[in-house]
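Structure file query_7.txt (compact mmCIF, C-alpha atoms) follows.
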# COMPACT_ATOMS: atom_id res chain seq x y z
CA MET Q 925 0.00 0.00 0.00
CA LYS Q 926 1.37 3.41 -1.00
CA LYS Q 927 2.01 5.68 1.94
CA LYS Q 928 -0.30 8.66 2.04
CA LYS Q 929 1.44 12.03 2.15
CA LEU Q 930 0.65 14.72 4.66
CA PRO Q 931 -0.76 17.94 3.13
CA ILE Q 932 2.49 19.79 3.82
CA GLU Q 933 4.46 17.19 1.86
CA ASN Q 934 2.52 18.00 -1.33
CA THR Q 935 3.72 21.58 -1.39
CA GLU Q 936 6.81 22.25 -3.51
CA LEU Q 937 9.55 24.34 -1.93
CA PRO Q 938 11.34 27.21 -3.70
CA TRP Q 939 14.73 25.45 -3.79
CA GLU Q 940 13.49 22.20 -5.37
CA HIS Q 941 14.19 23.53 -8.89
CA PRO Q 942 17.07 25.63 -10.25
CA LYS Q 943 16.53 29.21 -11.30
CA PRO Q 944 14.43 29.23 -14.52
CA LYS Q 945 16.10 30.03 -17.86
CA ALA Q 946 13.42 32.60 -18.42
CA GLU Q 947 14.82 34.62 -15.56
CA ASP Q 948 18.47 34.12 -16.53
CA PRO Q 949 19.57 31.99 -19.55
CA HIS Q 950 22.99 31.37 -17.94
CA ALA Q 951 21.65 30.29 -14.54
CA LEU Q 952 21.53 26.51 -15.15
CA LYS Q 953 25.18 26.33 -16.30
CA LEU Q 954 26.24 28.42 -13.33
CA VAL Q 955 24.38 26.13 -10.93
CA GLU Q 956 25.88 23.02 -12.55
CA LYS Q 957 29.36 24.49 -12.13
CA ILE Q 958 28.69 25.13 -8.44
CA MET Q 959 27.37 21.60 -7.86
CA GLN Q 960 30.41 20.07 -9.57
CA SER Q 961 32.80 21.88 -7.23
CA PRO Q 962 34.51 19.62 -4.62
CA THR Q 963 33.46 22.08 -1.92
CA TYR Q 964 29.79 21.26 -2.59
CA ARG Q 965 30.21 17.55 -1.81
CA LEU Q 966 29.03 16.26 1.53
CA ALA Q 967 32.11 16.00 3.74
CA GLU Q 968 31.54 12.26 4.28
CA GLU Q 969 31.52 11.70 0.50
CA ASP Q 970 34.53 13.88 -0.28
CA LEU Q 971 37.46 11.46 -0.43
CA ASP Q 972 39.96 14.20 -1.27
CA PHE Q 973 38.92 16.02 1.90
CA LEU Q 974 38.92 12.87 4.04
CA GLN Q 975 42.41 11.94 2.83
CA SER Q 976 43.87 15.40 3.35
CA TYR Q 977 46.51 16.31 5.93
CA ASN Q 978 44.02 18.27 8.02
CA THR Q 979 41.63 15.35 8.55
CA ARG Q 980 44.26 12.93 9.90
CA GLY Q 981 42.68 13.06 13.35
CA ILE Q 982 39.33 11.96 11.91
CA ARG Q 983 41.00 9.11 10.01
CA LEU Q 984 42.73 7.95 13.18
CA GLU Q 985 39.40 7.88 14.98
CA LEU Q 986 37.68 5.99 12.16
CA ASP Q 987 40.58 3.53 11.95
CA TYR Q 988 40.02 2.74 15.63
CA LEU Q 989 36.23 2.86 15.73
CA LYS Q 990 35.35 0.52 12.86
CA ALA Q 991 37.24 -2.47 14.26
CA GLU Q 992 36.17 -1.65 17.83
CA LEU Q 993 32.47 -1.69 16.99
CA HIS Q 994 32.63 -4.89 14.93
CA MET Q 995 34.58 -6.78 17.61
CA ALA Q 996 32.18 -5.59 20.30
CA ARG Q 997 29.19 -6.78 18.24
CA ALA Q 998 30.87 -10.16 17.75
CA GLY Q 999 31.26 -10.54 21.51
CA ILE Q 1000 35.07 -10.52 21.43
CA LYS Q 1001 36.08 -9.82 25.03
CA HIS Q 1002 39.64 -11.14 25.31
CA THR Q 1003 42.30 -12.05 22.79
CA ILE Q 1004 45.45 -14.13 22.75
CA VAL Q 1005 47.72 -12.28 20.34
CA VAL Q 1006 50.15 -14.34 18.26
CA PHE Q 1007 53.11 -12.81 16.41
CA GLY Q 1008 55.81 -14.43 14.30
CA SER Q 1009 57.51 -14.42 10.94
CA ALA Q 1010 55.42 -14.14 7.77
CA ARG Q 1011 58.22 -16.06 6.01
CA ILE Q 1012 57.88 -19.32 7.97
CA ARG Q 1013 55.74 -21.69 5.91
CA GLU Q 1014 54.28 -25.12 6.40
CA ARG Q 1015 56.68 -28.02 5.83
CA LYS Q 1016 55.50 -29.08 2.38
CA THR Q 1017 55.94 -25.53 1.05
CA ALA Q 1018 59.37 -25.14 2.68
CA MET Q 1019 60.43 -28.53 1.29
CA ALA Q 1020 59.30 -27.62 -2.23
CA LYS Q 1021 61.33 -24.39 -2.06
CA LEU Q 1022 64.42 -26.29 -0.89
CA GLU Q 1023 64.13 -28.90 -3.65
CA GLU Q 1024 63.72 -26.20 -6.28
CA ILE Q 1025 66.94 -24.46 -5.15
CA GLN Q 1026 68.79 -27.80 -4.98
CA LYS Q 1027 67.78 -28.47 -8.58
CA ARG Q 1028 69.03 -25.06 -9.74
CA LEU Q 1029 72.28 -25.51 -7.80
CA LYS Q 1030 73.01 -28.79 -9.61
CA GLU Q 1031 72.94 -26.85 -12.86
CA HIS Q 1032 75.06 -24.00 -11.44
CA PRO Q 1033 77.19 -25.53 -8.64
CA GLU Q 1034 79.50 -22.50 -8.30
CA ASP Q 1035 76.72 -19.93 -7.94
CA GLU Q 1036 77.32 -18.24 -4.56
CA THR Q 1037 73.89 -16.61 -4.53
CA LEU Q 1038 72.23 -20.01 -4.91
CA MET Q 1039 74.45 -21.41 -2.14
CA ARG Q 1040 73.22 -18.66 0.15
CA GLU Q 1041 69.61 -19.33 -0.88
CA LEU Q 1042 70.13 -23.03 -0.16
CA TYR Q 1043 71.36 -22.28 3.35
CA VAL Q 1044 68.36 -20.04 4.03
CA ALA Q 1045 65.95 -22.61 2.58
CA GLU Q 1046 67.42 -25.30 4.86
CA ARG Q 1047 66.97 -23.04 7.87
CA MET Q 1048 63.40 -22.22 6.88
CA LEU Q 1049 62.61 -25.92 6.52
CA GLU Q 1050 63.83 -26.45 10.08
CA LYS Q 1051 61.67 -23.57 11.28
CA SER Q 1052 58.56 -25.02 9.62
CA ILE Q 1053 57.99 -26.87 12.90
CA TYR Q 1054 56.87 -23.52 14.30
CA TYR Q 1055 54.09 -23.31 11.70
CA ASP Q 1056 52.68 -26.61 12.95
CA ASP Q 1057 53.17 -25.53 16.56
CA ALA Q 1058 51.41 -22.18 16.10
CA ARG Q 1059 48.56 -23.98 14.37
CA MET Q 1060 48.29 -26.31 17.37
CA PHE Q 1061 48.33 -23.32 19.72
CA GLY Q 1062 45.40 -21.85 17.80
CA ARG Q 1063 43.48 -25.06 18.37
CA TYR Q 1064 44.23 -25.11 22.11
CA VAL Q 1065 42.92 -21.58 22.64
CA SER Q 1066 39.91 -22.05 20.37
CA ARG Q 1067 38.73 -25.28 22.00
CA SER Q 1068 39.04 -23.88 25.53
CA GLY Q 1069 36.23 -22.59 27.71
CA LYS Q 1070 32.85 -23.67 26.39
CA GLY Q 1071 34.31 -24.68 23.03
CA PRO Q 1072 34.67 -23.10 19.56
CA GLU Q 1073 31.40 -21.15 19.87
CA ASP Q 1074 32.72 -19.35 22.95
CA SER Q 1075 34.04 -15.96 21.85
CA ARG Q 1076 35.28 -14.76 25.23
CA VAL Q 1077 38.88 -15.62 24.33
CA VAL Q 1078 39.93 -15.72 20.67
CA ILE Q 1079 43.12 -15.85 18.62
CA MET Q 1080 44.22 -12.54 17.10
CA THR Q 1081 47.08 -12.12 14.61
CA GLY Q 1082 48.43 -9.59 12.14
CA GLY Q 1083 46.40 -11.33 9.45
CA GLY Q 1084 49.28 -12.21 7.14
CA PRO Q 1085 50.96 -15.47 6.08
CA GLY Q 1086 53.44 -17.63 7.99
CA ILE Q 1087 53.02 -17.89 11.76
CA MET Q 1088 50.02 -15.56 11.66
CA GLU Q 1089 48.29 -17.82 9.16
CA ALA Q 1090 49.11 -20.89 11.25
CA ALA Q 1091 47.52 -19.49 14.42
CA ASN Q 1092 44.38 -18.35 12.58
CA ARG Q 1093 44.28 -21.70 10.83
CA GLY Q 1094 44.32 -23.58 14.12
CA ALA Q 1095 41.22 -21.66 15.21
CA HIS Q 1096 39.62 -22.23 11.81
CA ASP Q 1097 40.34 -25.97 12.09
CA VAL Q 1098 37.95 -26.27 15.02
CA GLY Q 1099 35.33 -23.82 13.72
CA ALA Q 1100 36.12 -20.95 16.09
CA LYS Q 1101 36.08 -17.22 15.42
CA THR Q 1102 39.50 -15.69 14.89
CA VAL Q 1103 40.68 -12.11 14.27
CA GLY Q 1104 43.18 -10.70 11.75
CA LEU Q 1105 44.47 -7.12 11.79
CA ASN Q 1106 45.99 -6.36 8.39
CA ILE Q 1107 47.80 -3.13 7.57
CA HIS Q 1108 47.43 -1.16 4.33
CA LEU Q 1109 50.77 -1.20 2.50
CA PRO Q 1110 52.03 0.43 -0.74
CA HIS Q 1111 52.18 -2.99 -2.43
CA GLU Q 1112 49.28 -5.40 -2.82
CA GLN Q 1113 48.82 -7.96 -0.07
CA TYR Q 1114 46.24 -10.54 0.87
CA PRO Q 1115 44.91 -11.64 4.26
CA ASN Q 1116 45.43 -15.28 5.07
CA PRO Q 1117 42.35 -17.37 4.25
CA TYR Q 1118 41.64 -18.62 7.77
CA ILE Q 1119 40.43 -15.39 9.42
CA THR Q 1120 36.73 -15.03 10.20
CA PRO Q 1121 35.61 -12.69 7.35
CA GLU Q 1122 33.67 -10.27 9.57
CA LEU Q 1123 36.67 -10.11 11.95
CA CYS Q 1124 39.33 -9.29 9.37
CA PHE Q 1125 40.25 -5.61 9.39
CA GLN Q 1126 42.59 -3.45 7.33
CA PHE Q 1127 44.20 -0.49 9.09
CA ARG Q 1128 45.72 2.63 7.66
CA TYR Q 1129 47.83 3.42 10.72
CA PHE Q 1130 50.27 1.08 12.47
CA ALA Q 1131 49.60 2.92 15.74
CA ILE Q 1132 45.88 2.10 15.75
CA ARG Q 1133 46.57 -1.48 14.74
CA LYS Q 1134 48.97 -1.79 17.70
CA LEU Q 1135 46.31 -0.33 19.99
CA HIS Q 1136 43.86 -3.06 18.96
CA PHE Q 1137 46.53 -5.75 19.41
CA PHE Q 1138 46.95 -4.80 23.05
CA LEU Q 1139 43.48 -3.49 23.97
CA ARG Q 1140 41.88 -6.89 24.64
CA ALA Q 1141 45.06 -8.95 24.98
CA LYS Q 1142 45.19 -11.48 27.81
CA ALA Q 1143 48.52 -12.83 26.57
CA LEU Q 1144 51.14 -12.22 23.91
CA VAL Q 1145 52.67 -15.28 22.23
CA VAL Q 1146 55.71 -14.64 20.06
CA TYR Q 1147 57.22 -17.15 17.65
CA PRO Q 1148 60.53 -16.65 15.79
CA GLY Q 1149 60.40 -13.65 13.50
CA GLY Q 1150 62.12 -10.58 12.14
CA PHE Q 1151 61.72 -6.81 12.34
CA GLY Q 1152 57.92 -6.80 12.64
CA THR Q 1153 57.93 -9.49 15.32
CA PHE Q 1154 60.67 -7.74 17.32
CA ASP Q 1155 58.83 -4.44 16.98
CA GLU Q 1156 55.61 -5.79 18.49
CA LEU Q 1157 57.45 -7.80 21.17
CA PHE Q 1158 59.62 -4.97 22.45
CA GLU Q 1159 56.81 -2.44 22.19
CA PHE Q 1160 54.78 -4.55 24.60
CA LEU Q 1161 57.72 -5.33 26.90
CA THR Q 1162 58.35 -1.58 27.15
CA LEU Q 1163 54.70 -0.83 27.96
CA VAL Q 1164 54.76 -3.38 30.79
CA GLN Q 1165 58.22 -2.34 32.03
CA THR Q 1166 57.16 1.32 32.26
CA ARG Q 1167 53.81 0.34 33.91
CA LYS Q 1168 52.00 1.98 31.02
CA THR Q 1169 49.82 -1.10 30.59
CA ARG Q 1170 48.66 -3.89 32.85
CA PRO Q 1171 50.93 -6.94 32.90
CA VAL Q 1172 49.81 -10.00 30.97
CA PRO Q 1173 51.86 -13.11 30.22
CA VAL Q 1174 54.36 -12.68 27.39
CA VAL Q 1175 55.52 -16.03 26.04
CA MET Q 1176 58.31 -16.49 23.50
CA VAL Q 1177 58.14 -19.89 21.80
CA GLY Q 1178 61.34 -21.55 20.60
CA LYS Q 1179 64.17 -21.50 23.13
CA SER Q 1180 66.85 -22.35 20.56
CA TYR Q 1181 65.85 -19.29 18.49
CA TRP Q 1182 65.24 -16.72 21.21
CA ASN Q 1183 68.26 -17.60 23.35
CA LYS Q 1184 70.43 -16.86 20.33
CA ALA Q 1185 68.44 -13.95 18.89
CA VAL Q 1186 68.40 -11.85 22.08
CA ASP Q 1187 70.84 -12.10 24.98
CA PHE Q 1188 68.67 -10.83 27.83
CA ASP Q 1189 71.23 -11.91 30.43
CA PHE Q 1190 73.74 -9.60 28.76
CA LEU Q 1191 71.26 -6.71 29.00
CA VAL Q 1192 70.88 -7.38 32.74
CA GLU Q 1193 74.66 -7.61 33.22
CA GLU Q 1194 75.12 -4.33 31.40
CA GLY Q 1195 72.55 -2.67 33.64
CA VAL Q 1196 70.31 -1.50 30.80
CA ILE Q 1197 67.39 -3.56 32.11
CA ALA Q 1198 66.64 -4.55 35.70
CA PRO Q 1199 66.82 -8.19 36.84
CA GLU Q 1200 63.07 -8.16 37.52
CA ASP Q 1201 62.44 -7.17 33.89
CA ARG Q 1202 63.32 -10.78 33.03
CA GLU Q 1203 60.12 -11.79 34.82
CA ILE Q 1204 57.93 -9.95 32.30
CA PHE Q 1205 58.31 -12.78 29.80
CA GLN Q 1206 58.78 -16.54 29.66
CA VAL Q 1207 60.65 -18.54 27.01
CA VAL Q 1208 59.22 -21.99 26.25
CA ASP Q 1209 59.67 -24.74 23.69
CA ASN Q 1210 56.20 -25.34 22.29
CA ALA Q 1211 52.50 -24.49 22.15
CA ALA Q 1212 51.52 -26.79 25.02
CA GLU Q 1213 54.00 -25.12 27.39
CA ALA Q 1214 52.92 -21.68 26.20
CA TRP Q 1215 49.20 -22.27 26.81
CA LYS Q 1216 49.79 -23.93 30.19
CA HIS Q 1217 51.95 -21.00 31.28
CA ILE Q 1218 49.25 -18.50 30.23
CA LEU Q 1219 46.50 -20.38 32.11
CA ASN Q 1220 48.69 -20.78 35.22
CA TRP Q 1221 49.74 -17.12 35.13
CA HIS Q 1222 46.14 -15.94 35.17
CA GLU Q 1223 45.23 -18.39 37.93
CA THR Q 1224 48.18 -17.16 40.01
CA TYR Q 1225 47.18 -13.50 39.68
CA ASN Q 1226 43.47 -14.22 40.19
CA THR Q 1227 42.42 -13.28 36.64
CA PRO Q 1228 41.42 -16.74 35.39
CA LEU Q 1229 40.66 -17.06 31.69
CA LEU Q 1230 38.47 -20.12 32.23
CA ALA Q 1231 35.73 -20.82 34.75
CA LYS Q 1232 36.17 -23.75 37.09
CA GLY Q 1233 35.60 -27.01 35.25
CA GLU Q 1234 35.81 -25.52 31.75
CA LYS Q 1235 37.98 -27.17 29.11
CA THR Q 1236 41.58 -26.07 28.62
CA GLY Q 1237 41.39 -26.98 24.94
CA MET Q 1238 44.23 -29.49 25.30
CA GLU Q 1239 42.14 -32.52 26.28
CA ASN Q 1240 41.97 -34.05 22.79
CA GLU Q 1241 45.72 -33.81 22.39
CA GLU Q 1242 46.59 -35.20 25.80
CA HIS Q 1243 44.52 -38.38 25.46
Show this structure as structure tokens.
Amino acid sequence: MKKKKLPIENTELPWEHPKPKAEDPHALKLVEKIMQSPTYRLAEEDLDFLQSYNTRGIRLELDYLKAELHMARAGIKHTIVVFGSARIRERKTAMAKLEEIQKRLKEHPEDETLMRELYVAERMLEKSIYYDDARMFGRYVSRSGKGPEDSRVVIMTGGGPGIMEAANRGAHDVGAKTVGLNIHLPHEQYPNPYITPELCFQFRYFAIRKLHFFLRAKALVVYPGGFGTFDELFEFLTLVQTRKTRPVPVVMVGKSYWNKAVDFDFLVEEGVIAPEDREIFQVVDNAAEAWKHILNWHETYNTPLLAKGEKTGMENEEH
């Protein structure tokens, strides 16, 4: 049924039509020129304005608010944030890369560049165990509590390949929600395929992305990685050290890697960090140790992640 108009709605207003040609033959062209001007666009529809230097504050707010609202609607209360190298791939991919370099090296045995690539490929094959481990960690977290449908504690990553993909994939394996925070870069990139679509976000600003990493974090789990991984790790260690944020467990997985990558004992000996700063983080060997440490840490400090009697998520693996 067509909605009946009120009497006032049937009355045309003076501004509903442009100035008639009869009054001024040039009026219509003048009006068209005005309406085509960027200044006439609604501010929310003016991309040039929204992307200008002066609206950076608005963009920062929007960058924060969009992800915040969507995560709140999805019931995401707490996150376990997983960082690690985007270059570490699953074993079959790492093996294929190694075999391809070996084949090329047979044809060019004196090629020093290929020899270097072979060494790196061998190291990356060894580190593929961390892909499997991060995937297992994702399963542990996602099966905990009331099970995969429980969104109180979810896996969050940077949304890219490698270790990030593995952790999201572990959650995806068991049908749980999982979050990915991608960053807009000058070159094209793709999110990994295992993120829950409505919980995959792309940020313009690294600062706002970092804020969301730490805002709901109940633990930070860090696998071997490079600049990006070190950046996130030391950013968080600094926030805790300076009491700028509440302490949560920081777990570095892979003793053989981390004990060589960073000599924390040396930093203590040199006096540039305090002995108690070593207590901010824990170095472990695998996903099982990492998850147990996180659960025990929260129990110790009376901030339990799970209610009494709820699943730890490790039951299927332990039996």
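Shown here are all protein and nucleic acid residues lying within 12 Å of (57.3, -1.1, 34.2), with all atoms listed in the file considered: Phe1160, Leu1161, Thr1162, Leu1163, Val1164, Gln1165, Thr1166, Arg1167, Lys1168, Thr1169, Arg1170, Pro1171, Ile1197, Ala1198, Glu1200, Asp1201, Arg1202, Glu1203 and Ile1204 of chain Q.
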- Leaving out stretch 1039-1045 of chain Q and any residue of its chain fewer than 3 positions from it, which residues lie within 8 Å of it when counting only C-alpha atoms, given as a list in words? Ala1018, Lys1021, Leu1022, Ile1025, Gln1026, Leu1029, Asp1035, Glu1036, Met1048 and Leu1049 of chain Q
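As for atom CA of Q:Glu1024 and atom CA of Q:Tyr1055, they are spaced 20.6 Å apart.
Residue nearest Q:Ser1075, chosen from Q:Ile1132, Q:Ile1107, Q:Met995, Q:Met1088 and counting only C-alpha atoms: Q:Met995.
Minimum atom-to-atom distance to Q:Arg1013, evaluated using all atoms listed in the file, belongs to Q:Gly1086 out of Q:Pro938, Q:Gly1094, Q:Gly1086, Q:Pro1121.
Rounded to one decimal, atom CA of Q:Val1077 and atom CA of Q:Leu1135 lie 17.5 Å from each other.
Considering the residues Q:Arg1011, Q:Lys945, Q:Lys990, Q:Lys1232 and counting all atoms listed in the file, Q:Glu1122 has its shortest atom-to-atom contact with Q:Lys990.
For the atom pair formed by atom CA of Q:Asn1106 and atom CA of Q:Leu1157, the distance is 17.2 Å, given to one decimal.
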Given 3 Å on each side, where is the centre and what are the edge lengths in Å to one decimal of the axis-aligned box enclosing the listed atoms of stretch 1202-1216 of chain Q, as lines of an AutoDock Vina configuration file?
center_x = 56.3
center_y = -18.4
center_z = 28.5
size_x = 20.1
size_y = 22.8
size_z = 18.7
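With only C-alpha atoms as the atoms that count, the minimum distance from Q:Arg1047 to the choices Q:Ala991, Q:Lys1134, Q:Tyr1181, Q:Gly999 is reached by Q:Tyr1181.
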With 12 Å as the cut-off and all atoms listed in the file counted, what is the closest atom pair between each nearby residue of stretch 1083-1167 of chain Q and stretch 1211-1227 of chain Q? Distances in Å to one decimal, ordered by chain and number, as CSV.
residue,atom,partner,partner_atom,distance
Q:Ala1090,CA,Q:Ala1211,CA,12.0
Q:Ala1091,CA,Q:Ala1211,CA,10.5
Q:Gly1094,CA,Q:Ala1211,CA,11.5
Q:Ala1141,CA,Q:Ile1218,CA,11.7
Q:Lys1142,CA,Q:Ile1218,CA,8.5
Q:Ala1143,CA,Q:Ile1218,CA,6.8
Q:Leu1144,CA,Q:Ile1218,CA,9.1
Q:Val1145,CA,Q:Ala1214,CA,7.5
Q:Val1146,CA,Q:Ala1214,CA,9.7
Q:Tyr1147,CA,Q:Ala1211,CA,9.8
Any chance you can output those residues with C-alpha atoms as a compact mmCIF listing (two decimals), in the frame of the given file?
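Wrote part_21.txt, looks like this:
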# COMPACT_ATOMS: atom_id res chain seq x y z
CA ALA Q 1090 49.11 -20.89 11.25
CA ALA Q 1091 47.52 -19.49 14.42
CA GLY Q 1094 44.32 -23.58 14.12
CA ALA Q 1141 45.06 -8.95 24.98
CA LYS Q 1142 45.19 -11.48 27.81
CA ALA Q 1143 48.52 -12.83 26.57
CA LEU Q 1144 51.14 -12.22 23.91
CA VAL Q 1145 52.67 -15.28 22.23
CA VAL Q 1146 55.71 -14.64 20.06
CA TYR Q 1147 57.22 -17.15 17.65
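Among Q:Ser1009, Q:Glu969, Q:Leu993, Q:Pro942, the residue with the shortest atom-to-atom distance to Q:Leu954, counting all atoms listed in the file, is Q:Pro942.
In this comparison, which uses all atoms listed in the file, the residue of Q:Cys1124, Q:Asp1209, Q:Phe1007, Q:Glu947 approaching Q:Lys1179 most closely is Q:Asp1209.
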At a cut-off of 12 Å, using all atoms listed in the file, what residues contact Q:Leu974? Leave out same-chain residues fewer than 5 positions from it and give the result as a PDB file with C-alpha atoms, in the frame of the given file.
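That gives us result.pdb:
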ATOM      1  CA  PRO Q 962      34.510  19.620  -4.620  1.00  0.00           C
ATOM      2  CA  ARG Q 965      30.210  17.550  -1.810  1.00  0.00           C
ATOM      3  CA  LEU Q 966      29.030  16.260   1.530  1.00  0.00           C
ATOM      4  CA  ALA Q 967      32.110  16.000   3.740  1.00  0.00           C
ATOM      5  CA  GLU Q 968      31.540  12.260   4.280  1.00  0.00           C
ATOM      6  CA  GLU Q 969      31.520  11.700   0.500  1.00  0.00           C
ATOM      7  CA  THR Q 979      41.630  15.350   8.550  1.00  0.00           C
ATOM      8  CA  ARG Q 980      44.260  12.930   9.900  1.00  0.00           C
ATOM      9  CA  GLY Q 981      42.680  13.060  13.350  1.00  0.00           C
ATOM     10  CA  ILE Q 982      39.330  11.960  11.910  1.00  0.00           C
ATOM     11  CA  ARG Q 983      41.000   9.110  10.010  1.00  0.00           C
ATOM     12  CA  LEU Q 984      42.730   7.950  13.180  1.00  0.00           C
ATOM     13  CA  LEU Q 986      37.680   5.990  12.160  1.00  0.00           C
TER      14      LEU Q 986
END
- Item | Polymer residues at most 10 Å from Q:Ala1185, only C-alpha atoms, same-chain spacing of 5 or more positions, as a ChimeraX atom specification | /Q:1148-1150,1179-1180
